[in-house]
$ cat target-v6.pdb   # PDB, C-alpha atoms and all ligand atoms
ATOM      1  CA  MET A   1     -37.430-119.332  23.525  1.00  0.00           C
ATOM      2  CA  THR A   2     -39.845-119.942  20.641  1.00  0.00           C
ATOM      3  CA  TYR A   3     -43.556-119.314  20.965  1.00  0.00           C
ATOM      4  CA  SER A   4     -46.531-120.437  18.945  1.00  0.00           C
ATOM      5  CA  ILE A   5     -49.165-117.770  18.393  1.00  0.00           C
ATOM      6  CA  LYS A   6     -52.769-118.884  18.624  1.00  0.00           C
ATOM      7  CA  HIS A   7     -56.143-117.174  18.167  1.00  0.00           C
ATOM      8  CA  MET A   8     -58.364-117.824  21.190  1.00  0.00           C
ATOM      9  CA  THR A   9     -62.015-118.092  20.149  1.00  0.00           C
ATOM     10  CA  THR A  10     -63.911-120.701  22.180  1.00  0.00           C
ATOM     11  CA  ASP A  11     -65.111-120.118  25.748  1.00  0.00           C
ATOM     12  CA  THR A  12     -62.465-122.546  27.004  1.00  0.00           C
ATOM     13  CA  GLU A  13     -59.708-120.752  25.099  1.00  0.00           C
ATOM     14  CA  ILE A  14     -60.870-117.312  26.290  1.00  0.00           C
ATOM     15  CA  ASP A  15     -60.893-118.637  29.849  1.00  0.00           C
ATOM     16  CA  GLN A  16     -57.311-119.889  29.367  1.00  0.00           C
ATOM     17  CA  CYS A  17     -56.260-116.231  28.813  1.00  0.00           C
ATOM     18  CA  PHE A  18     -57.765-115.024  32.095  1.00  0.00           C
ATOM     19  CA  VAL A  19     -54.837-115.580  34.460  1.00  0.00           C
ATOM     20  CA  VAL A  20     -52.501-113.511  32.273  1.00  0.00           C
ATOM     21  CA  MET A  21     -55.059-110.914  31.137  1.00  0.00           C
ATOM     22  CA  SER A  22     -56.103-110.231  34.740  1.00  0.00           C
ATOM     23  CA  GLN A  23     -52.534-109.098  35.492  1.00  0.00           C
ATOM     24  CA  LEU A  24     -53.192-106.137  33.175  1.00  0.00           C
ATOM     25  CA  ARG A  25     -56.943-105.795  33.885  1.00  0.00           C
ATOM     26  CA  PRO A  26     -57.227-106.700  37.596  1.00  0.00           C
ATOM     27  CA  HIS A  27     -60.792-105.352  37.868  1.00  0.00           C
ATOM     28  CA  LEU A  28     -62.066-108.301  35.811  1.00  0.00           C
ATOM     29  CA  THR A  29     -63.325-111.522  37.338  1.00  0.00           C
ATOM     30  CA  ARG A  30     -63.112-114.759  35.371  1.00  0.00           C
ATOM     31  CA  GLU A  31     -66.844-114.448  34.592  1.00  0.00           C
ATOM     32  CA  THR A  32     -66.840-110.769  33.569  1.00  0.00           C
ATOM     33  CA  PHE A  33     -63.785-111.335  31.368  1.00  0.00           C
ATOM     34  CA  LEU A  34     -65.580-114.079  29.430  1.00  0.00           C
ATOM     35  CA  THR A  35     -68.812-112.073  29.116  1.00  0.00           C
ATOM     36  CA  ARG A  36     -67.079-108.882  28.046  1.00  0.00           C
ATOM     37  CA  ALA A  37     -64.647-110.575  25.665  1.00  0.00           C
ATOM     38  CA  ARG A  38     -67.574-112.392  24.018  1.00  0.00           C
ATOM     39  CA  SER A  39     -69.554-109.140  23.713  1.00  0.00           C
ATOM     40  CA  GLN A  40     -66.534-107.270  22.279  1.00  0.00           C
ATOM     41  CA  MET A  41     -65.893-110.147  19.837  1.00  0.00           C
ATOM     42  CA  GLN A  42     -69.300-109.458  18.289  1.00  0.00           C
ATOM     43  CA  GLU A  43     -67.854-106.058  17.368  1.00  0.00           C
ATOM     44  CA  GLY A  44     -64.566-107.404  16.016  1.00  0.00           C
ATOM     45  CA  TYR A  45     -62.371-107.847  19.103  1.00  0.00           C
ATOM     46  CA  ARG A  46     -59.884-110.737  18.838  1.00  0.00           C
ATOM     47  CA  LEU A  47     -57.612-112.493  21.301  1.00  0.00           C
ATOM     48  CA  ALA A  48     -54.234-113.956  20.397  1.00  0.00           C
ATOM     49  CA  CYS A  49     -51.729-115.653  22.696  1.00  0.00           C
ATOM     50  CA  ALA A  50     -48.059-116.508  22.694  1.00  0.00           C
ATOM     51  CA  MET A  51     -47.907-120.078  24.001  1.00  0.00           C
ATOM     52  CA  THR A  52     -45.325-122.622  25.012  1.00  0.00           C
ATOM     53  CA  GLY A  53     -47.090-125.950  24.663  1.00  0.00           C
ATOM     54  CA  ASP A  54     -50.513-125.466  26.279  1.00  0.00           C
ATOM     55  CA  THR A  55     -49.340-122.628  28.527  1.00  0.00           C
ATOM     56  CA  VAL A  56     -50.438-119.063  27.788  1.00  0.00           C
ATOM     57  CA  VAL A  57     -47.379-116.817  28.256  1.00  0.00           C
ATOM     58  CA  ALA A  58     -48.608-113.531  26.742  1.00  0.00           C
ATOM     59  CA  VAL A  59     -52.011-112.262  25.589  1.00  0.00           C
ATOM     60  CA  ALA A  60     -53.089-109.560  23.154  1.00  0.00           C
ATOM     61  CA  GLY A  61     -56.584-108.188  22.586  1.00  0.00           C
ATOM     62  CA  TYR A  62     -56.946-106.267  19.324  1.00  0.00           C
ATOM     63  CA  ARG A  63     -59.282-105.163  16.557  1.00  0.00           C
ATOM     64  CA  PHE A  64     -59.283-103.602  13.124  1.00  0.00           C
ATOM     65  CA  SER A  65     -60.587-100.119  12.493  1.00  0.00           C
ATOM     66  CA  GLN A  66     -60.221 -97.173  10.178  1.00  0.00           C
ATOM     67  CA  SER A  67     -60.093 -93.425  10.538  1.00  0.00           C
ATOM     68  CA  LEU A  68     -59.537 -90.357   8.399  1.00  0.00           C
ATOM     69  CA  SER A  69     -56.220 -89.722  10.098  1.00  0.00           C
ATOM     70  CA  TRP A  70     -54.698 -93.233  10.045  1.00  0.00           C
ATOM     71  CA  GLY A  71     -56.558 -95.077   7.266  1.00  0.00           C
ATOM     72  CA  LYS A  72     -57.048 -98.770   8.020  1.00  0.00           C
ATOM     73  CA  PHE A  73     -55.219 -99.771  11.196  1.00  0.00           C
ATOM     74  CA  LEU A  74     -54.877-102.530  13.778  1.00  0.00           C
ATOM     75  CA  TYR A  75     -55.511-101.289  17.326  1.00  0.00           C
ATOM     76  CA  VAL A  76     -54.057-103.186  20.300  1.00  0.00           C
ATOM     77  CA  ASP A  77     -56.408-102.897  23.298  1.00  0.00           C
ATOM     78  CA  ASP A  78     -54.473-105.180  25.637  1.00  0.00           C
ATOM     79  CA  LEU A  79     -50.962-106.615  25.677  1.00  0.00           C
ATOM     80  CA  VAL A  80     -49.528-108.428  28.673  1.00  0.00           C
ATOM     81  CA  THR A  81     -46.988-111.138  29.465  1.00  0.00           C
ATOM     82  CA  ASP A  82     -47.269-113.365  32.532  1.00  0.00           C
ATOM     83  CA  ALA A  83     -45.251-111.618  35.273  1.00  0.00           C
ATOM     84  CA  ALA A  84     -43.147-114.750  35.824  1.00  0.00           C
ATOM     85  CA  ARG A  85     -42.232-114.909  32.112  1.00  0.00           C
ATOM     86  CA  ARG A  86     -41.338-111.320  31.232  1.00  0.00           C
ATOM     87  CA  SER A  87     -38.116-110.357  29.425  1.00  0.00           C
ATOM     88  CA  GLN A  88     -38.022-113.730  27.629  1.00  0.00           C
ATOM     89  CA  GLY A  89     -39.204-112.462  24.251  1.00  0.00           C
ATOM     90  CA  ALA A  90     -42.921-113.338  24.424  1.00  0.00           C
ATOM     91  CA  GLY A  91     -43.990-109.681  24.168  1.00  0.00           C
ATOM     92  CA  LYS A  92     -41.740-109.180  21.165  1.00  0.00           C
ATOM     93  CA  ALA A  93     -43.011-112.370  19.489  1.00  0.00           C
ATOM     94  CA  LEU A  94     -46.642-111.310  19.971  1.00  0.00           C
ATOM     95  CA  LEU A  95     -46.050-107.720  18.825  1.00  0.00           C
ATOM     96  CA  GLN A  96     -44.220-108.950  15.703  1.00  0.00           C
ATOM     97  CA  TRP A  97     -47.119-111.313  15.009  1.00  0.00           C
ATOM     98  CA  LEU A  98     -49.595-108.404  15.439  1.00  0.00           C
ATOM     99  CA  ILE A  99     -47.595-106.334  12.937  1.00  0.00           C
ATOM    100  CA  ALA A 100     -47.736-109.244  10.460  1.00  0.00           C
ATOM    101  CA  GLU A 101     -51.479-109.620  11.191  1.00  0.00           C
ATOM    102  CA  ALA A 102     -51.941-105.896  10.385  1.00  0.00           C
ATOM    103  CA  LYS A 103     -50.138-106.403   7.064  1.00  0.00           C
ATOM    104  CA  ARG A 104     -52.242-109.488   6.278  1.00  0.00           C
ATOM    105  CA  HIS A 105     -55.364-107.302   6.698  1.00  0.00           C
ATOM    106  CA  ASP A 106     -54.057-104.466   4.517  1.00  0.00           C
ATOM    107  CA  CYS A 107     -53.496-102.080   7.407  1.00  0.00           C
ATOM    108  CA  ALA A 108     -50.893 -99.382   6.981  1.00  0.00           C
ATOM    109  CA  GLU A 109     -50.363 -98.929  10.724  1.00  0.00           C
ATOM    110  CA  LEU A 110     -50.625-100.511  14.177  1.00  0.00           C
ATOM    111  CA  HIS A 111     -51.638 -98.275  17.101  1.00  0.00           C
ATOM    112  CA  LEU A 112     -52.034 -98.591  20.863  1.00  0.00           C
ATOM    113  CA  ASP A 113     -52.441 -96.469  23.976  1.00  0.00           C
ATOM    114  CA  SER A 114     -50.347 -97.026  27.072  1.00  0.00           C
ATOM    115  CA  GLY A 115     -50.926 -95.598  30.549  1.00  0.00           C
ATOM    116  CA  ILE A 116     -48.548 -92.789  31.443  1.00  0.00           C
ATOM    117  CA  GLN A 117     -47.328 -94.785  34.474  1.00  0.00           C
ATOM    118  CA  ARG A 118     -46.229 -97.801  32.369  1.00  0.00           C
ATOM    119  CA  LYS A 119     -42.645 -96.635  31.892  1.00  0.00           C
ATOM    120  CA  ASP A 120     -41.304-100.173  31.365  1.00  0.00           C
ATOM    121  CA  ALA A 121     -43.827-100.855  28.620  1.00  0.00           C
ATOM    122  CA  HIS A 122     -42.865 -97.567  26.945  1.00  0.00           C
ATOM    123  CA  ARG A 123     -39.235 -98.734  26.903  1.00  0.00           C
ATOM    124  CA  PHE A 124     -40.408-101.953  25.257  1.00  0.00           C
ATOM    125  CA  TYR A 125     -42.486-100.156  22.579  1.00  0.00           C
ATOM    126  CA  GLU A 126     -39.684 -97.744  21.771  1.00  0.00           C
ATOM    127  CA  ARG A 127     -37.181-100.606  21.573  1.00  0.00           C
ATOM    128  CA  GLU A 128     -39.559-102.266  19.103  1.00  0.00           C
ATOM    129  CA  GLY A 129     -39.444 -99.169  16.898  1.00  0.00           C
ATOM    130  CA  MET A 130     -42.802 -97.593  17.781  1.00  0.00           C
ATOM    131  CA  ASP A 131     -43.242 -93.803  17.714  1.00  0.00           C
ATOM    132  CA  LEU A 132     -44.803 -91.813  20.557  1.00  0.00           C
ATOM    133  CA  LEU A 133     -47.580 -89.714  18.996  1.00  0.00           C
ATOM    134  CA  GLY A 134     -49.519 -87.794  21.637  1.00  0.00           C
ATOM    135  CA  TYR A 135     -51.733 -87.651  24.700  1.00  0.00           C
ATOM    136  CA  HIS A 136     -54.952 -89.542  25.358  1.00  0.00           C
ATOM    137  CA  TYR A 137     -57.766 -87.644  27.166  1.00  0.00           C
ATOM    138  CA  LYS A 138     -61.030 -88.812  28.722  1.00  0.00           C
ATOM    139  CA  ILE A 139     -64.006 -87.322  30.566  1.00  0.00           C
ATOM    140  CA  ALA A 140     -66.696 -89.213  32.479  1.00  0.00           C
ATOM    141  CA  VAL A 141     -70.130 -88.740  30.899  1.00  0.00           C
ATOM    142  CA  GLU A 142     -72.338 -90.392  33.532  1.00  0.00           C
TER
HETATM  143  C1  LIG B 201     -44.630-104.777  28.166  1.00  0.00           C
HETATM  144  C2  LIG B 201     -44.697-106.311  28.107  1.00  0.00           C
HETATM  145  C3  LIG B 201     -45.961-106.748  27.380  1.00  0.00           C
HETATM  146  C4  LIG B 201     -43.457-106.809  27.333  1.00  0.00           C
HETATM  147  O1  LIG B 201     -43.519-108.222  27.300  1.00  0.00           O
HETATM  148  P1  LIG B 201     -42.204-109.118  27.527  1.00  0.00           P
HETATM  149  O2  LIG B 201     -42.621-110.519  27.257  1.00  0.00           O
HETATM  150  O3  LIG B 201     -41.593-108.800  28.834  1.00  0.00           O
HETATM  151  O4  LIG B 201     -41.335-108.558  26.321  1.00  0.00           O
HETATM  152  P2  LIG B 201     -39.905-108.974  25.813  1.00  0.00           P
HETATM  153  O5  LIG B 201     -39.330-110.073  26.620  1.00  0.00           O
HETATM  154  O6  LIG B 201     -40.021-109.151  24.349  1.00  0.00           O
HETATM  155  O7  LIG B 201     -39.122-107.630  26.077  1.00  0.00           O
HETATM  156  C5  LIG B 201     -38.781-107.291  27.399  1.00  0.00           C
HETATM  157  C6  LIG B 201     -38.656-105.809  27.529  1.00  0.00           C
HETATM  158  O8  LIG B 201     -39.916-105.260  27.884  1.00  0.00           O
HETATM  159  C7  LIG B 201     -39.738-104.231  28.854  1.00  0.00           C
HETATM  160  N1  LIG B 201     -40.524-104.536  30.045  1.00  0.00           N
HETATM  161  C8  LIG B 201     -41.640-103.850  30.325  1.00  0.00           C
HETATM  162  N2  LIG B 201     -42.177-104.228  31.484  1.00  0.00           N
HETATM  163  C9  LIG B 201     -41.408-105.224  31.985  1.00  0.00           C
HETATM  164  C10 LIG B 201     -41.460-105.994  33.173  1.00  0.00           C
HETATM  165  N3  LIG B 201     -42.421-105.814  34.093  1.00  0.00           N
HETATM  166  N4  LIG B 201     -40.522-106.931  33.357  1.00  0.00           N
HETATM  167  C11 LIG B 201     -39.546-107.079  32.445  1.00  0.00           C
HETATM  168  N5  LIG B 201     -39.440-106.363  31.295  1.00  0.00           N
HETATM  169  C12 LIG B 201     -40.362-105.422  31.053  1.00  0.00           C
HETATM  170  C13 LIG B 201     -38.269-104.111  29.114  1.00  0.00           C
HETATM  171  O9  LIG B 201     -37.799-103.048  28.282  1.00  0.00           O
HETATM  172  C14 LIG B 201     -37.721-105.431  28.656  1.00  0.00           C
HETATM  173  O10 LIG B 201     -36.454-105.308  28.115  1.00  0.00           O
HETATM  174  P3  LIG B 201     -35.220-105.903  28.938  1.00  0.00           P
HETATM  175  O11 LIG B 201     -35.545-107.352  29.182  1.00  0.00           O
HETATM  176  O12 LIG B 201     -34.085-105.685  28.032  1.00  0.00           O
HETATM  177  O13 LIG B 201     -35.188-105.102  30.203  1.00  0.00           O
HETATM  178  C15 LIG B 201     -44.638-106.966  29.512  1.00  0.00           C
HETATM  179  O14 LIG B 201     -43.473-106.577  30.162  1.00  0.00           O
HETATM  180  C16 LIG B 201     -45.841-106.682  30.392  1.00  0.00           C
HETATM  181  O15 LIG B 201     -46.794-107.437  30.371  1.00  0.00           O
HETATM  182  N6  LIG B 201     -45.798-105.617  31.217  1.00  0.00           N
HETATM  183  C17 LIG B 201     -46.868-105.332  32.184  1.00  0.00           C
HETATM  184  C18 LIG B 201     -48.186-105.025  31.502  1.00  0.00           C
HETATM  185  C19 LIG B 201     -48.076-103.827  30.590  1.00  0.00           C
HETATM  186  O16 LIG B 201     -47.618-102.751  30.984  1.00  0.00           O
HETATM  187  N7  LIG B 201     -48.553-104.014  29.348  1.00  0.00           N
HETATM  188  C20 LIG B 201     -48.577-102.952  28.368  1.00  0.00           C
HETATM  189  C21 LIG B 201     -49.879-102.267  28.411  1.00  0.00           C
HETATM  190  S1  LIG B 201     -49.899-100.868  27.311  1.00  0.00           S
END
$ encode --input "target-v6.pdb" --output "structure tokens" --more "lines below"
Ligand SMILES: CC(C)(COP(=O)(O)OP(=O)(O)OC[C@H]1O[C@@H](n2cnc3c(N)ncnc32)[C@H](O)[C@@H]1OP(=O)(O)O)[C@@H](O)C(=O)NCCC(=O)NCCS
Amino acid sequence: MTYSIKHMTTDTEIDQCFVVMSQLRPHLTRETFLTRARSQMQEGYRLACAMTGDTVVAVAGYRFSQSLSWGKFLYVDDLVTDAARRSQGAGKALLQWLIAEAKRHDCAELHLDSGIQRKDAHRFYEREGMDLLGYHYKIAVE
């Protein structure tokens, strides 16, 4: 299967990502997804999709950043393939495109976090040659 990769920037295009994105982020409604994606885009968040024709098969949300430890890097916030279309190469196509996008923007590395329960995704990342680096901690501050 071949996929075209497309940046999603207009309200209509962002909305087209909702059905797939909500499979990874089920707390979002169609409205809150649009509002939050738009707000994040003002701070550099981007959406890219693997498509067949007009159909969104996989979605990635990502941004560029830099840190003392990693230098300039591309960070993947969200990566998900439509449940009915998994294991058909869309995730690989989108991840390879993200790696090329990182190179195009002079990043030395691509990073992402993945929930400890997402064992299948970990298999995918390791198959794609990614290294497991460490733990991710959080504390509520409210
Ligand atoms: C991880 C994910 C993005 C990979 O996308 P994909 O389009 O299935 O990727 P590919 O077809 O290129 O590769 C498939 C491989 O991904 C892995 N995989 C992870 N979750 C899977 C799932 N639910 N169904 C099938 N394969 C899955 C398998 O290792 C699979 O390899 P296999 O087909 O040899 O078993 C996708 O499976 C997914 O959306 N999973 C649920 C959401 C998720 O966990 N996202 C990652 C957040 S950090």
$ residues_near_ligand --input "target-v6.pdb" --ligand "ligand LIG 201 (chain B)" --cutoff "8 Å" --atoms "all atoms listed in the file" --output "PyMOL selection string"
chain A and resi 23-24+57-58+77-83+85-93+112-115+118-125+127
$ closest_residue --input "target-v6.pdb" --among "A:Ala140, A:Ala108, A:Leu28, A:Met21" --to "Ser69 in chain A" --atoms "all atoms listed in the file"
A:Ala108
$ closest_residue --input "target-v6.pdb" --among "A:Glu31, A:Gln96, A:Gly61, A:Val141" --to "Gly129 in chain A" --atoms "all atoms listed in the file"
A:Gln96
$ atom_distance --input "target-v6.pdb" --atom1 "CA of Phe18 in chain A" --atom2 "CA of Arg46 in chain A"
14.1 Å
$ atom_distance --input "target-v6.pdb" --atom1 "CA of Arg38 in chain A" --atom2 "CA of Glu13 in chain A"
11.5 Å
$ closest_residue --input "target-v6.pdb" --among "A:Thr32, A:Gln117, A:Ser39, A:Thr55" --to "Val20 in chain A" --atoms "only C-alpha atoms"
A:Thr55
$ resolve_selection --input "target-v6.pdb" --expression "the PyMOL selection byres (((chain A and resi 74) around 12) and not hetatm)" --output "VMD selection string"
chain A and resid 44 to 46 60 to 67 70 to 73 75 to 77 95 97 to 112
$ atom_distance --input "target-v6.pdb" --atom1 "CA of Met8 in chain A" --atom2 "CA of Ala48 in chain A"
5.7 Å
$ closest_residue --input "target-v6.pdb" --among "A:Gln40, A:Tyr137, A:Ile116, A:Thr35" --to "Asp15 in chain A" --atoms "only C-alpha atoms"
A:Thr35
$ build_atoms --input "target-v6.pdb" --residues "range 43-72 of chain A" --atoms "N, CA and C atoms" --output "short mmCIF file (atom, residue, chain, number, x, y, z; two decimals), in the coordinates of the input"
data_model
loop_
_atom_site.label_atom_id
_atom_site.label_comp_id
_atom_site.auth_asym_id
_atom_site.auth_seq_id
_atom_site.Cartn_x
_atom_site.Cartn_y
_atom_site.Cartn_z
N GLU A 43 -68.19 -107.31 18.06
CA GLU A 43 -67.85 -106.06 17.37
C GLU A 43 -66.43 -106.08 16.81
N GLY A 44 -65.85 -107.29 16.72
CA GLY A 44 -64.57 -107.40 16.02
C GLY A 44 -63.34 -107.61 16.88
N TYR A 45 -63.52 -107.63 18.21
CA TYR A 45 -62.37 -107.85 19.10
C TYR A 45 -61.84 -109.28 18.93
N ARG A 46 -60.51 -109.41 18.95
CA ARG A 46 -59.88 -110.74 18.84
C ARG A 46 -58.85 -110.91 19.93
N LEU A 47 -58.64 -112.17 20.31
CA LEU A 47 -57.61 -112.49 21.30
C LEU A 47 -56.58 -113.40 20.65
N ALA A 48 -55.31 -113.08 20.86
CA ALA A 48 -54.23 -113.96 20.40
C ALA A 48 -53.25 -114.14 21.54
N CYS A 49 -52.65 -115.34 21.60
CA CYS A 49 -51.73 -115.65 22.70
C CYS A 49 -50.41 -116.16 22.17
N ALA A 50 -49.35 -115.83 22.90
CA ALA A 50 -48.06 -116.51 22.69
C ALA A 50 -48.03 -117.66 23.68
N MET A 51 -47.82 -118.88 23.17
CA MET A 51 -47.91 -120.08 24.00
C MET A 51 -46.60 -120.87 23.95
N THR A 52 -46.31 -121.53 25.05
CA THR A 52 -45.32 -122.62 25.01
C THR A 52 -46.11 -123.88 25.39
N GLY A 53 -46.22 -124.79 24.44
CA GLY A 53 -47.09 -125.95 24.66
C GLY A 53 -48.51 -125.46 24.87
N ASP A 54 -49.14 -125.89 25.99
CA ASP A 54 -50.51 -125.47 26.28
C ASP A 54 -50.55 -124.26 27.21
N THR A 55 -49.39 -123.72 27.55
CA THR A 55 -49.34 -122.63 28.53
C THR A 55 -49.39 -121.27 27.84
N VAL A 56 -50.33 -120.42 28.30
CA VAL A 56 -50.44 -119.06 27.79
C VAL A 56 -49.37 -118.22 28.49
N VAL A 57 -48.46 -117.64 27.70
CA VAL A 57 -47.38 -116.82 28.26
C VAL A 57 -47.70 -115.33 28.11
N ALA A 58 -48.25 -114.94 26.98
CA ALA A 58 -48.61 -113.53 26.74
C ALA A 58 -49.92 -113.47 25.98
N VAL A 59 -50.69 -112.42 26.21
CA VAL A 59 -52.01 -112.26 25.59
C VAL A 59 -52.11 -110.89 24.95
N ALA A 60 -52.75 -110.84 23.78
CA ALA A 60 -53.09 -109.56 23.15
C ALA A 60 -54.55 -109.55 22.79
N GLY A 61 -55.23 -108.43 23.07
CA GLY A 61 -56.58 -108.19 22.59
C GLY A 61 -56.49 -107.08 21.55
N TYR A 62 -57.10 -107.27 20.39
CA TYR A 62 -56.95 -106.27 19.32
C TYR A 62 -58.15 -106.26 18.40
N ARG A 63 -58.20 -105.27 17.55
CA ARG A 63 -59.28 -105.16 16.56
C ARG A 63 -58.81 -104.33 15.38
N PHE A 64 -59.58 -104.41 14.30
CA PHE A 64 -59.28 -103.60 13.12
C PHE A 64 -60.24 -102.42 13.10
N SER A 65 -59.73 -101.30 12.62
CA SER A 65 -60.59 -100.12 12.49
C SER A 65 -60.05 -99.24 11.38
N GLN A 66 -60.75 -98.14 11.11
CA GLN A 66 -60.22 -97.17 10.18
C GLN A 66 -60.64 -95.78 10.59
N SER A 67 -59.81 -94.82 10.20
CA SER A 67 -60.09 -93.42 10.54
C SER A 67 -59.53 -92.53 9.43
N LEU A 68 -60.02 -91.29 9.42
CA LEU A 68 -59.54 -90.36 8.40
C LEU A 68 -58.06 -90.07 8.60
N SER A 69 -57.63 -90.07 9.86
CA SER A 69 -56.22 -89.72 10.10
C SER A 69 -55.26 -90.88 9.80
N TRP A 70 -55.64 -92.11 10.14
CA TRP A 70 -54.70 -93.23 10.04
C TRP A 70 -55.00 -94.20 8.91
N GLY A 71 -56.15 -94.06 8.24
CA GLY A 71 -56.56 -95.08 7.27
C GLY A 71 -56.95 -96.35 8.00
N LYS A 72 -56.70 -97.50 7.38
CA LYS A 72 -57.05 -98.77 8.02
C LYS A 72 -55.92 -99.15 8.98
#
